[in-house]
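Asker: So that you have it, the file is protein-v5.txt, and it contains compact mmCIF, C-alpha atoms:
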```txt
# COMPACT_ATOMS: atom_id res chain seq x y z
CA MET A 255 0.00 0.00 0.00
CA VAL A 256 2.82 2.39 0.89
CA VAL A 257 4.43 2.01 -2.53
CA LEU A 258 1.05 2.43 -4.23
CA ARG A 259 0.51 5.79 -2.52
CA GLY A 260 3.86 6.96 -3.88
CA PHE A 261 2.93 5.65 -7.32
CA LEU A 262 -0.27 7.67 -7.16
CA VAL A 263 1.78 10.83 -6.45
CA LEU A 264 4.04 10.10 -9.43
CA SER A 265 1.03 9.48 -11.68
CA VAL A 266 -0.62 12.73 -10.61
CA PHE A 267 2.57 14.71 -11.31
CA PHE A 268 2.86 13.02 -14.72
CA LEU A 269 -0.76 13.94 -15.53
CA LEU A 270 -0.11 17.53 -14.40
CA GLY A 271 2.92 17.57 -16.72
CA GLU A 272 0.94 16.19 -19.66
CA ALA A 273 -1.90 18.65 -19.03
CA SER A 274 0.48 21.63 -18.98
CA ARG A 275 2.27 20.36 -22.10
CA ILE A 276 -1.01 20.24 -24.02
CA LEU A 277 -2.51 23.43 -22.54
CA PHE A 278 0.59 25.58 -23.14
CA ALA A 279 1.65 23.74 -26.35
CA LEU A 280 5.14 23.12 -24.90
CA PRO A 281 7.66 21.13 -26.99
CA VAL A 282 8.75 19.27 -23.81
CA SER A 283 7.43 15.85 -22.76
CA GLY A 284 4.89 15.64 -19.95
CA GLY A 285 7.21 13.36 -17.95
CA VAL A 286 9.95 16.01 -17.86
CA ILE A 287 7.51 18.77 -16.84
CA GLY A 288 6.13 16.46 -14.12
CA MET A 289 9.69 15.71 -12.96
CA ILE A 290 10.52 19.43 -12.70
CA LEU A 291 7.27 20.10 -10.83
CA LEU A 292 8.04 17.23 -8.44
CA THR A 293 11.64 18.39 -7.82
CA ALA A 294 10.44 21.95 -7.20
CA THR A 295 7.71 20.73 -4.82
CA LEU A 296 10.21 18.61 -2.87
CA MET A 297 12.68 21.51 -2.63
CA LEU A 298 9.93 23.80 -1.31
CA ARG A 299 8.80 21.21 1.24
CA GLY A 300 12.38 20.31 2.15
CA ARG A 301 11.55 16.66 2.84
CA ILE A 302 10.28 13.56 1.09
CA SER A 303 7.75 10.94 2.22
CA ASP A 304 8.76 7.28 2.56
CA SER A 305 6.08 6.17 0.13
CA LEU A 306 7.32 8.50 -2.62
CA ALA A 307 10.96 7.52 -2.06
CA GLN A 308 10.01 3.82 -2.23
CA ALA A 309 7.82 4.14 -5.31
CA SER A 310 10.41 6.15 -7.23
CA GLY A 311 13.19 3.76 -6.21
CA ALA A 312 11.10 0.82 -7.44
CA LEU A 313 10.32 2.43 -10.80
CA ILE A 314 13.93 3.57 -11.35
CA SER A 315 15.22 0.07 -10.58
CA VAL A 316 13.15 -1.35 -13.47
CA LEU A 317 13.86 1.51 -15.91
CA VAL A 318 15.87 -0.83 -18.13
CA LEU A 319 12.79 -3.06 -18.42
CA LEU A 320 10.70 -0.09 -19.56
CA ILE A 321 13.16 1.10 -22.22
CA MET A 322 13.83 -2.39 -23.68
CA PRO A 323 10.85 -2.35 -26.09
CA GLY A 324 12.36 0.76 -27.68
CA VAL A 325 15.95 -0.53 -27.68
CA VAL A 326 15.16 -3.86 -29.37
CA GLY A 327 13.52 -2.02 -32.29
CA ILE A 328 16.95 -1.14 -33.69
CA PHE A 329 17.43 -4.81 -34.71
CA PHE A 330 14.25 -4.71 -36.78
CA GLN A 331 14.50 -1.21 -38.22
CA ALA A 332 18.20 -1.10 -39.12
CA ASP A 333 17.40 -1.25 -42.86
CA ALA A 334 15.66 2.12 -42.67
CA PHE A 335 19.01 3.80 -41.94
CA SER A 336 21.23 2.01 -44.44
CA GLY A 337 23.80 4.31 -46.04
CA GLN A 338 23.79 6.58 -42.99
CA TRP A 339 25.71 4.39 -40.57
CA LEU A 340 29.00 6.24 -41.11
CA ALA A 341 27.32 9.56 -40.24
CA ILE A 342 25.63 7.98 -37.20
CA GLY A 343 28.81 6.27 -35.98
CA LEU A 344 30.94 9.40 -36.35
CA ALA A 345 28.28 11.57 -34.70
CA LEU A 346 28.15 9.23 -31.71
CA VAL A 347 31.84 8.41 -31.23
CA LEU A 348 33.57 11.61 -32.41
CA GLY A 349 30.77 13.78 -30.98
CA THR A 350 31.10 12.10 -27.59
CA LEU A 351 34.91 12.42 -27.59
CA LEU A 352 34.61 16.15 -28.29
CA SER A 353 31.90 16.71 -25.68
CA VAL A 354 33.81 14.73 -23.02
CA LEU A 355 36.94 16.83 -23.62
CA THR A 356 34.91 20.07 -23.62
CA THR A 357 33.13 19.17 -20.37
CA LEU A 358 36.31 18.21 -18.53
CA TRP A 359 38.17 21.28 -19.78
CA LEU A 360 35.34 23.69 -18.79
CA LEU A 361 34.93 22.08 -15.36
CA GLN A 362 38.65 21.98 -14.60
CA ARG A 363 39.04 25.63 -15.62
CA SER A 364 36.07 26.90 -13.63
CA VAL A 365 36.84 24.81 -10.52
CA ARG A 366 40.40 26.18 -10.53
CA ARG A 367 39.15 29.74 -10.93
CA ALA A 368 36.58 29.31 -8.14
CA GLY A 369 39.35 27.91 -5.91
CA GLN A 370 41.63 30.88 -6.61
CA GLU A 371 38.88 33.39 -5.82
CA HIS A 372 38.25 31.79 -2.47
CA GLY A 373 41.96 31.96 -1.72
CA ASN A 374 42.14 28.28 -0.82
CA ASP A 375 43.81 25.52 -2.85
CA MET B 254 17.11 -34.14 -37.54
CA THR B 255 16.56 -31.13 -39.82
CA ASP B 256 13.02 -32.40 -40.37
CA LEU B 257 12.44 -32.36 -36.61
CA ILE B 258 13.73 -28.80 -36.29
CA GLY B 259 11.55 -27.75 -39.21
CA ARG B 260 8.47 -29.31 -37.63
CA LEU B 261 9.29 -27.69 -34.27
CA ALA B 262 9.69 -24.29 -35.95
CA ALA B 263 6.30 -24.72 -37.63
CA ILE B 264 4.66 -25.54 -34.29
CA ILE B 265 6.27 -22.51 -32.61
CA HIS B 266 5.18 -20.33 -35.49
CA THR B 267 1.53 -21.46 -35.29
CA LEU B 268 1.50 -21.19 -31.51
CA SER B 269 2.97 -17.69 -31.31
CA ASN B 270 0.73 -16.45 -34.12
CA THR B 271 -2.34 -17.74 -32.24
CA LEU B 272 -1.21 -15.84 -29.13
CA VAL B 273 -0.41 -12.65 -31.05
CA ASP B 274 -3.93 -12.58 -32.50
CA SER B 275 -5.51 -12.17 -29.06
CA PRO B 276 -4.77 -8.67 -27.69
CA SER B 277 -4.53 -9.74 -24.05
CA ALA B 278 -2.38 -12.80 -24.80
CA ASN B 279 -0.18 -10.64 -27.05
CA ALA B 280 0.32 -8.12 -24.22
CA VAL B 281 1.21 -10.81 -21.68
CA LEU B 282 3.52 -12.48 -24.21
CA ALA B 283 5.33 -9.18 -24.79
CA ILE B 284 5.64 -8.55 -21.05
CA ALA B 285 6.83 -12.11 -20.37
CA LEU B 286 9.46 -11.94 -23.14
CA THR B 287 10.70 -8.55 -21.91
CA LEU B 288 10.80 -9.67 -18.27
CA GLY B 289 12.56 -12.92 -19.16
CA ALA B 290 15.19 -11.14 -21.26
CA PHE B 291 15.64 -8.46 -18.57
CA MET B 292 16.26 -11.05 -15.84
CA ALA B 293 18.48 -13.22 -18.02
CA GLY B 294 20.43 -10.11 -19.05
CA ASN B 295 21.04 -9.17 -15.42
CA ARG B 296 22.07 -12.74 -14.57
CA LEU B 297 24.48 -12.94 -17.51
CA PHE B 298 25.91 -9.49 -16.65
CA ALA B 299 26.72 -10.71 -13.12
CA LEU B 300 28.16 -13.97 -14.47
CA LEU B 301 30.47 -12.01 -16.82
CA ARG B 302 31.62 -9.99 -13.76
CA SER B 303 29.94 -6.70 -14.71
CA PRO B 304 31.76 -5.81 -17.96
CA ILE B 305 31.75 -2.02 -18.38
CA LEU B 306 31.57 -2.32 -22.18
CA LEU B 307 28.52 -4.59 -22.10
CA PRO B 308 25.81 -3.10 -19.85
CA PRO B 309 22.86 -5.37 -18.86
CA VAL B 310 20.48 -3.51 -21.16
CA VAL B 311 22.56 -4.42 -24.24
CA ILE B 312 22.66 -8.10 -23.26
CA ALA B 313 18.92 -8.08 -22.48
CA ALA B 314 18.04 -6.37 -25.78
CA CYS B 315 20.05 -8.93 -27.77
CA LEU B 316 18.31 -11.80 -25.95
CA LEU B 317 14.92 -10.18 -26.56
CA GLY B 318 15.67 -9.68 -30.27
CA LEU B 319 16.71 -13.33 -30.48
CA GLY B 320 13.53 -14.44 -28.69
CA LEU B 321 11.29 -12.46 -31.02
CA THR B 322 13.08 -13.87 -34.08
CA ILE B 323 12.77 -17.48 -32.85
CA LEU B 324 9.08 -17.05 -32.02
CA THR B 325 8.53 -15.20 -35.35
CA VAL B 326 6.75 -12.37 -33.54
CA SER B 327 6.85 -9.18 -35.62
CA TYR B 328 8.24 -6.01 -34.02
CA ALA B 329 4.92 -4.23 -34.63
CA ASP B 330 2.99 -6.91 -32.69
CA TYR B 331 5.56 -6.96 -29.90
CA HIS B 332 5.58 -3.18 -29.64
CA LYS B 333 1.79 -3.05 -29.41
CA GLY B 334 1.78 -5.63 -26.60
CA ALA B 335 4.66 -3.97 -24.76
CA GLN B 336 2.72 -0.71 -24.44
CA TRP B 337 1.62 -1.96 -21.03
CA LEU B 338 5.24 -1.52 -20.00
CA THR B 339 6.19 1.61 -21.95
CA VAL B 340 3.21 3.55 -20.60
CA LEU B 341 5.01 3.44 -17.22
CA LEU B 342 7.88 5.49 -18.67
CA GLY B 343 5.90 8.67 -17.93
CA PRO B 344 5.66 8.13 -14.15
CA ALA B 345 9.23 6.69 -14.21
CA THR B 346 10.51 9.96 -15.71
CA VAL B 347 8.75 11.88 -12.95
CA ALA B 348 10.39 9.50 -10.44
CA LEU B 349 13.85 10.76 -11.54
CA GLY B 350 12.96 13.99 -9.72
CA VAL B 351 13.44 12.20 -6.38
CA PRO B 352 17.18 11.34 -6.71
CA LEU B 353 17.69 14.75 -8.32
CA TYR B 354 16.17 16.41 -5.23
CA GLN B 355 18.30 14.20 -2.98
CA GLN B 356 21.53 15.14 -4.84
CA MET B 357 20.67 18.82 -5.19
CA HIS B 358 22.63 19.85 -2.06
CA HIS B 359 25.85 18.86 -3.86
CA ILE B 360 25.33 21.82 -6.16
CA ARG B 361 26.19 24.10 -3.26
CA ALA B 362 29.75 22.74 -3.13
CA LEU B 363 30.37 23.47 -6.79
CA TRP B 364 27.55 25.68 -7.99
CA ARG B 365 29.58 28.16 -9.99
CA PRO B 366 31.52 25.63 -12.11
CA ILE B 367 28.30 23.62 -12.61
CA LEU B 368 26.21 26.60 -13.68
CA PHE B 369 29.01 27.70 -16.01
CA THR B 370 29.68 24.28 -17.55
CA LEU B 371 26.22 22.74 -17.78
CA PRO B 372 24.57 24.94 -20.45
CA ILE B 373 27.61 24.96 -22.74
CA ALA B 374 28.52 21.30 -22.34
CA ALA B 375 24.95 19.99 -22.57
CA LEU B 376 24.19 21.97 -25.72
CA LEU B 377 27.52 20.98 -27.28
CA ALA B 378 26.92 17.29 -26.46
CA ALA B 379 23.83 17.54 -28.68
CA GLY B 380 25.34 20.08 -31.10
CA TYR B 381 28.56 18.20 -31.96
CA ALA B 382 26.55 15.07 -32.81
CA MET B 383 23.98 16.93 -34.89
CA ILE B 384 26.60 18.91 -36.84
CA ILE B 385 28.73 15.81 -37.54
CA ALA B 386 25.69 13.77 -38.59
CA ALA B 387 24.40 16.55 -40.86
CA ALA B 388 27.88 17.13 -42.34
CA PHE B 389 28.06 13.46 -43.36
CA GLY B 390 24.69 13.61 -45.08
CA ALA B 391 22.35 12.15 -42.45
CA SER B 392 18.60 12.72 -42.95
CA PRO B 393 16.74 15.14 -40.61
CA GLU B 394 15.16 12.12 -38.89
CA VAL B 395 18.62 10.71 -38.12
CA VAL B 396 19.95 14.11 -36.97
CA ALA B 397 16.96 14.40 -34.58
CA SER B 398 17.63 10.85 -33.35
CA VAL B 399 21.28 11.47 -32.39
CA ALA B 400 20.56 14.86 -30.75
CA PRO B 401 19.56 13.57 -27.27
CA LYS B 402 22.41 11.00 -27.18
CA SER B 403 23.74 12.16 -23.80
CA VAL B 404 20.34 12.39 -22.11
CA THR B 405 19.01 9.68 -19.82
CA ALA B 406 16.66 7.29 -21.68
CA PRO B 407 13.18 8.23 -20.36
CA ILE B 408 13.81 11.95 -20.93
CA ALA B 409 15.49 11.29 -24.29
CA ILE B 410 12.42 9.38 -25.52
CA GLY B 411 10.31 12.47 -24.83
CA ILE B 412 12.82 14.70 -26.65
CA THR B 413 13.00 12.41 -29.71
CA GLU B 414 9.22 12.25 -29.97
CA GLN B 415 9.06 16.05 -29.84
CA LEU B 416 11.76 16.41 -32.52
CA GLY B 417 10.37 13.72 -34.81
CA GLY B 418 13.25 11.25 -34.63
CA SER B 419 13.29 7.45 -34.44
CA VAL B 420 13.06 6.23 -30.83
CA SER B 421 14.78 2.92 -31.65
CA LEU B 422 17.73 4.57 -33.41
CA MET B 423 18.01 7.09 -30.58
CA MET B 424 18.07 4.28 -28.00
CA GLY B 425 20.82 2.44 -29.87
CA GLY B 426 22.81 5.68 -30.08
CA LEU B 427 22.20 6.36 -26.42
CA LEU B 428 23.71 3.04 -25.38
CA ILE B 429 26.76 3.46 -27.62
CA THR B 430 27.23 7.00 -26.29
CA GLY B 431 27.03 5.81 -22.69
CA VAL B 432 29.69 3.17 -23.25
CA VAL B 433 32.14 5.31 -25.28
CA ALA B 434 31.65 8.31 -22.94
CA THR B 435 32.71 6.10 -20.04
CA VAL B 436 35.84 4.95 -21.90
CA PHE B 437 36.71 8.48 -23.09
CA VAL B 438 36.28 10.02 -19.61
CA ASP B 439 38.57 7.36 -18.14
CA LEU B 440 41.23 8.09 -20.78
CA ALA B 441 40.86 11.89 -20.80
CA VAL B 442 41.02 12.13 -17.01
CA ARG B 443 44.38 10.37 -17.06
CA TRP B 444 45.64 12.47 -19.97
CA MET B 445 44.50 15.77 -18.39
CA ASN B 446 45.66 14.66 -14.93
CA ILE B 447 42.28 15.31 -13.25
CA ARG B 448 41.80 13.70 -9.83
CA ASP B 449 38.80 15.57 -8.40
CA PRO B 450 36.02 12.92 -8.12
CA ARG B 451 33.40 15.68 -8.38
CA ILE B 452 34.67 16.72 -11.83
CA ILE B 453 35.05 13.11 -13.04
CA GLY B 454 31.57 12.18 -11.76
CA PHE B 455 29.84 15.22 -13.23
CA ALA B 456 31.49 14.64 -16.63
CA LEU B 457 30.42 10.97 -16.56
CA GLY B 458 26.79 11.82 -15.79
CA LEU B 459 26.61 14.73 -18.23
CA ASN B 460 28.00 12.79 -21.21
CA GLY B 461 27.24 9.17 -20.37
CA HIS B 462 23.82 9.39 -18.62
CA ALA B 463 22.90 6.23 -16.62
CA ILE B 464 25.80 4.13 -17.99
CA GLY B 465 28.31 6.83 -17.03
CA THR B 466 26.63 7.21 -13.65
CA ALA B 467 26.94 3.48 -12.99
CA ARG B 468 30.68 3.79 -13.72
CA ALA B 469 30.95 6.83 -11.41
CA PHE B 470 29.47 4.85 -8.52
CA GLU B 471 32.25 2.30 -9.03
CA LEU B 472 34.77 5.12 -8.50
CA GLY B 473 33.10 6.16 -5.22
CA THR B 474 30.02 7.76 -3.69
CA THR B 475 31.16 11.37 -4.32
CA ALA B 476 31.71 10.69 -8.02
CA GLY B 477 28.36 8.82 -8.10
CA ALA B 478 26.47 11.67 -6.47
CA PHE B 479 27.88 14.23 -8.89
CA ALA B 480 27.20 11.91 -11.82
CA SER B 481 23.53 11.61 -10.77
CA LEU B 482 23.37 15.38 -10.51
CA GLY B 483 25.03 15.83 -13.92
CA MET B 484 22.68 13.30 -15.51
CA GLY B 485 19.54 14.89 -14.04
CA LEU B 486 20.51 18.48 -14.84
CA THR B 487 21.62 17.60 -18.39
CA GLY B 488 18.30 15.81 -18.98
CA ILE B 489 16.21 18.74 -17.78
CA PHE B 490 18.35 21.37 -19.49
CA THR B 491 18.41 19.57 -22.84
CA ALA B 492 14.68 18.80 -22.74
CA LEU B 493 13.88 22.44 -22.00
CA THR B 494 16.26 24.11 -24.45
CA LEU B 495 16.89 21.80 -27.43
CA PRO B 496 13.36 21.93 -28.95
CA PHE B 497 13.34 25.74 -28.63
CA VAL B 498 16.85 26.15 -30.06
CA LEU B 499 15.94 23.96 -33.03
CA ARG B 500 12.67 25.81 -33.55
CA VAL B 501 14.64 29.09 -33.79
CA PHE B 502 16.89 27.53 -36.44
CA GLY B 503 13.81 26.34 -38.31
CA PHE B 504 14.49 22.62 -37.82
```
Output the structure of this file as structure tokens.
Answerer:
Amino acid sequence: MVVLRGFLVLSVFFLLGEASRILFALPVSGGVIGMILLTATLMLRGRISDSLAQASGALISVLVLLIMPGVVGIFFQADAFSGQWLAIGLALVLGTLLSVLTTLWLLQRSVRRAGQEHGND
Amino acid sequence: MTDLIGRLAAIIHTLSNTLVDSPSANAVLAIALTLGAFMAGNRLFALLRSPILLPPVVIAACLLGLGLTILTVSYADYHKGAQWLTVLLGPATVALGVPLYQQMHHIRALWRPILFTLPIAALLAAGYAMIIAAAFGASPEVVASVAPKSVTAPIAIGITEQLGGSVSLMMGGLLITGVVATVFVDLAVRWMNIRDPRIIGFALGLNGHAIGTARAFELGTTAGAFASLGMGLTGIFTALTLPFVLRVFGF
């Protein structure tokens, strides 16, 4: 029962997200809007109920199960992207290499600068 | 022998087609296949001693693909039946707000570097991939499918649907990105001589979503916490900005 109460809270926030997406014609999924609303609510309240923590932990632990129907589709739809695999492969591998280097460089630079301003390190 | 296999295949074919024709049986079949592959994938992952290059979801997806092929269930039928599972992705996305709230206090320790890095790095993670894909002649559908490659799966599905990409292609790209991001962060950190677990963790979560975060937790709880934070913030930021940015550029 405890987990179900948490699941009800998650469902309500998802429905709120979907409703605002449709009402305000937002190009953002209802799940993301619901997630932001939930995070904001929790930050305002400053605490989280056991039932919500349990329900979210349970759902997150089976996330892989929920995304598998989408993942497996690539085996059956690969033909649709023939001739574009070089572009896809380069975008993924080279793009990720570049973004990893950019992230680390930006973080290292800004952490160093923040450290110098505080006079420590 | 070959005759026996042929007869067996015919029986399986008839049986699975009978099940697929009934909507409720088709749904339970899809759920059972997904559950079975998920559990077998986790078991195999543990047996192989948690290989970083082969996350459980990849193993499970291969087993599921194999199962569908053997049972001659079409992807369209499977996908229809599996909607009972995928409909839960909405509430599951909302659930990500809970760990995000729990990790939020870590921002205080590093808020300036995070606020400075996040918008640039998250947009570039999408931008590099889109520019490279477009430069090598990928179709708009493919460009939209590689855009959310660094975003955690449930949020990325929402982004791809909004942009008009292929969810399956995006998911494949997401997994590859998670694995190569983990390898590249490991290498780059050594090359750049970075030892701060907060930086390493945040970079893993920002670029490698859940797969990078799993790696960060292996490095320690601090790296794991910052990876969770990086993953959550990147997901929200990308979901909120990417569709608007693309709309401005007339995508």
Asker: Smallest atom-to-atom distance to A:Ala341: which of B:Val399, B:Ala345, B:Leu363, B:Val498, using all atoms listed in the file?
Answerer: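 Using all atoms listed in the file, A:Ala341 sits closest to B:Val399.
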Asker: So which one's closest to B:Tyr354, A:Gly300, A:Leu264, A:Gly285, A:Val256? Using all atoms listed in the file, please.
Answerer: A:Gly300
Asker: Find the residue from B:Leu495, B:Ala406, B:Val420, B:Ile305 that sits nearest to B:Met383; use all atoms listed in the file when measuring.
Answerer: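 Selected residue with least distance to B:Met383: B:Leu495.
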Asker: Wanna dump the chain B-chain A contacts at 7 Å for me, each residue with its shortest atom pair and the distance in Å to one decimal, counting only C-alpha atoms, ordered by chain and number, as a tab-separated table?
Answerer:
```
residue	atom	partner	partner_atom	distance
B:Thr287	CA	A:Leu319	CA	6.8
B:Leu288	CA	A:Leu319	CA	6.9
B:Phe291	CA	A:Leu319	CA	6.1
B:Val310	CA	A:Val318	CA	6.1
B:Ala314	CA	A:Val326	CA	5.2
B:Leu317	CA	A:Val326	CA	6.9
B:Gly318	CA	A:Val326	CA	5.9
B:Tyr328	CA	A:Phe330	CA	6.7
B:His332	CA	A:Pro323	CA	6.4
B:Ala335	CA	A:Pro323	CA	6.5
B:Leu338	CA	A:Leu320	CA	5.7
B:Thr339	CA	A:Leu320	CA	5.4
B:Leu342	CA	A:Leu320	CA	6.3
B:Gly343	CA	A:Gly285	CA	4.9
B:Pro344	CA	A:Leu264	CA	5.4
B:Ala345	CA	A:Leu313	CA	5.6
B:Thr346	CA	A:Gly285	CA	5.2
B:Val347	CA	A:Met289	CA	3.9
B:Ala348	CA	A:Ser310	CA	4.6
B:Leu349	CA	A:Met289	CA	6.6
B:Gly350	CA	A:Met289	CA	4.9
B:Val351	CA	A:Thr293	CA	6.6
B:Tyr354	CA	A:Thr293	CA	5.6
B:Pro366	CA	A:Ser364	CA	5.0
B:Thr370	CA	A:Leu360	CA	5.8
B:Ala374	CA	A:Thr357	CA	5.4
B:Leu377	CA	A:Ser353	CA	6.3
B:Ala378	CA	A:Ser353	CA	5.1
B:Tyr381	CA	A:Gly349	CA	5.0
B:Ala382	CA	A:Ala345	CA	4.3
B:Met383	CA	A:Ala345	CA	6.9
B:Ile385	CA	A:Ala345	CA	5.1
B:Ala386	CA	A:Ala341	CA	4.8
B:Phe389	CA	A:Ala341	CA	5.0
B:Gly390	CA	A:Ala341	CA	6.8
B:Ala391	CA	A:Gln338	CA	5.8
B:Ile408	CA	A:Val286	CA	6.4
B:Gly411	CA	A:Ser283	CA	4.9
B:Ile412	CA	A:Ser283	CA	6.7
B:Gln415	CA	A:Pro281	CA	6.0
B:Val420	CA	A:Gly324	CA	6.4
B:Ser421	CA	A:Ile328	CA	5.0
B:Leu422	CA	A:Ile328	CA	5.8
B:Met424	CA	A:Val325	CA	5.3
B:Gly425	CA	A:Val325	CA	6.1
B:Gly426	CA	A:Leu346	CA	6.6
B:Thr430	CA	A:Leu346	CA	5.9
B:Val433	CA	A:Val347	CA	6.7
B:Ala434	CA	A:Thr350	CA	6.0
B:Phe437	CA	A:Leu351	CA	6.2
B:Val438	CA	A:Val354	CA	6.3
B:Ala441	CA	A:Leu355	CA	6.9
B:Ile452	CA	A:Leu361	CA	6.4
B:Ala456	CA	A:Thr357	CA	6.1
B:Asn460	CA	A:Val354	CA	6.4
B:Ile489	CA	A:Val286	CA	6.8
B:Ala492	CA	A:Val282	CA	6.0
B:Leu493	CA	A:Val282	CA	6.3
B:Pro496	CA	A:Pro281	CA	6.1
```
Asker: Hey, can you check how far atom CA of B:Leu306 sits from atom CA of B:Ala467?
Answerer: 11.8 Å
Asker: Please, what distance in Å, to one decimal, runs between atom CA of B:Asn279 and atom CA of A:Leu258?
Answerer: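 Atom CA of A:Leu258 lies 26.3 Å from atom CA of B:Asn279.
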Asker: With all atoms listed in the file as the basis for distance, which of B:Leu324, B:Leu297, B:Pro308, B:Asn446 is at the shortest distance from B:Leu428?
Answerer: B:Pro308
Asker: If I put a ball of radius 12 Å at (21.6, -13.1, -15.9) in the file's coordinates, which residues poke into it when counting all atoms listed in the file, written as a short mmCIF file (atom, residue, chain, number, x, y, z; two decimals) with C-alpha atoms, keeping the file's coordinate frame?
Answerer:
```
data_model
loop_
_atom_site.label_atom_id
_atom_site.label_comp_id
_atom_site.auth_asym_id
_atom_site.auth_seq_id
_atom_site.Cartn_x
_atom_site.Cartn_y
_atom_site.Cartn_z
CA LEU B 288 10.80 -9.67 -18.27
CA GLY B 289 12.56 -12.92 -19.16
CA ALA B 290 15.19 -11.14 -21.26
CA PHE B 291 15.64 -8.46 -18.57
CA MET B 292 16.26 -11.05 -15.84
CA ALA B 293 18.48 -13.22 -18.02
CA GLY B 294 20.43 -10.11 -19.05
CA ASN B 295 21.04 -9.17 -15.42
CA ARG B 296 22.07 -12.74 -14.57
CA LEU B 297 24.48 -12.94 -17.51
CA PHE B 298 25.91 -9.49 -16.65
CA ALA B 299 26.72 -10.71 -13.12
CA LEU B 300 28.16 -13.97 -14.47
CA LEU B 301 30.47 -12.01 -16.82
CA ARG B 302 31.62 -9.99 -13.76
CA SER B 303 29.94 -6.70 -14.71
CA PRO B 308 25.81 -3.10 -19.85
CA PRO B 309 22.86 -5.37 -18.86
CA VAL B 310 20.48 -3.51 -21.16
CA ILE B 312 22.66 -8.10 -23.26
CA ALA B 313 18.92 -8.08 -22.48
CA LEU B 316 18.31 -11.80 -25.95
#
```
Asker: Near B:Thr413, within 7 Å and counting only C-alpha atoms, which residues show up once chain neighbours fewer than 5 positions away are dropped, as a list in words?
Answerer: Ala397, Ser398, Gly418, Ser419 and Val420 of chain B
Asker: One decimal, in Å: what's the spacing between atom CA of B:Thr494 and atom CA of B:Ala375?
Answerer: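 Atom CA of B:Ala375 lies at a distance of 9.8 Å from atom CA of B:Thr494.
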Asker: Considering all atoms listed in the file, return as number ranges by chain whatever protein or nucleic-acid residues lie within 12 Å of B:Ile323, sequence-local ones (same chain, fewer than 5 positions apart) excluded.
Answerer: B: 258, 261-266, 268-269, 286, 316-318
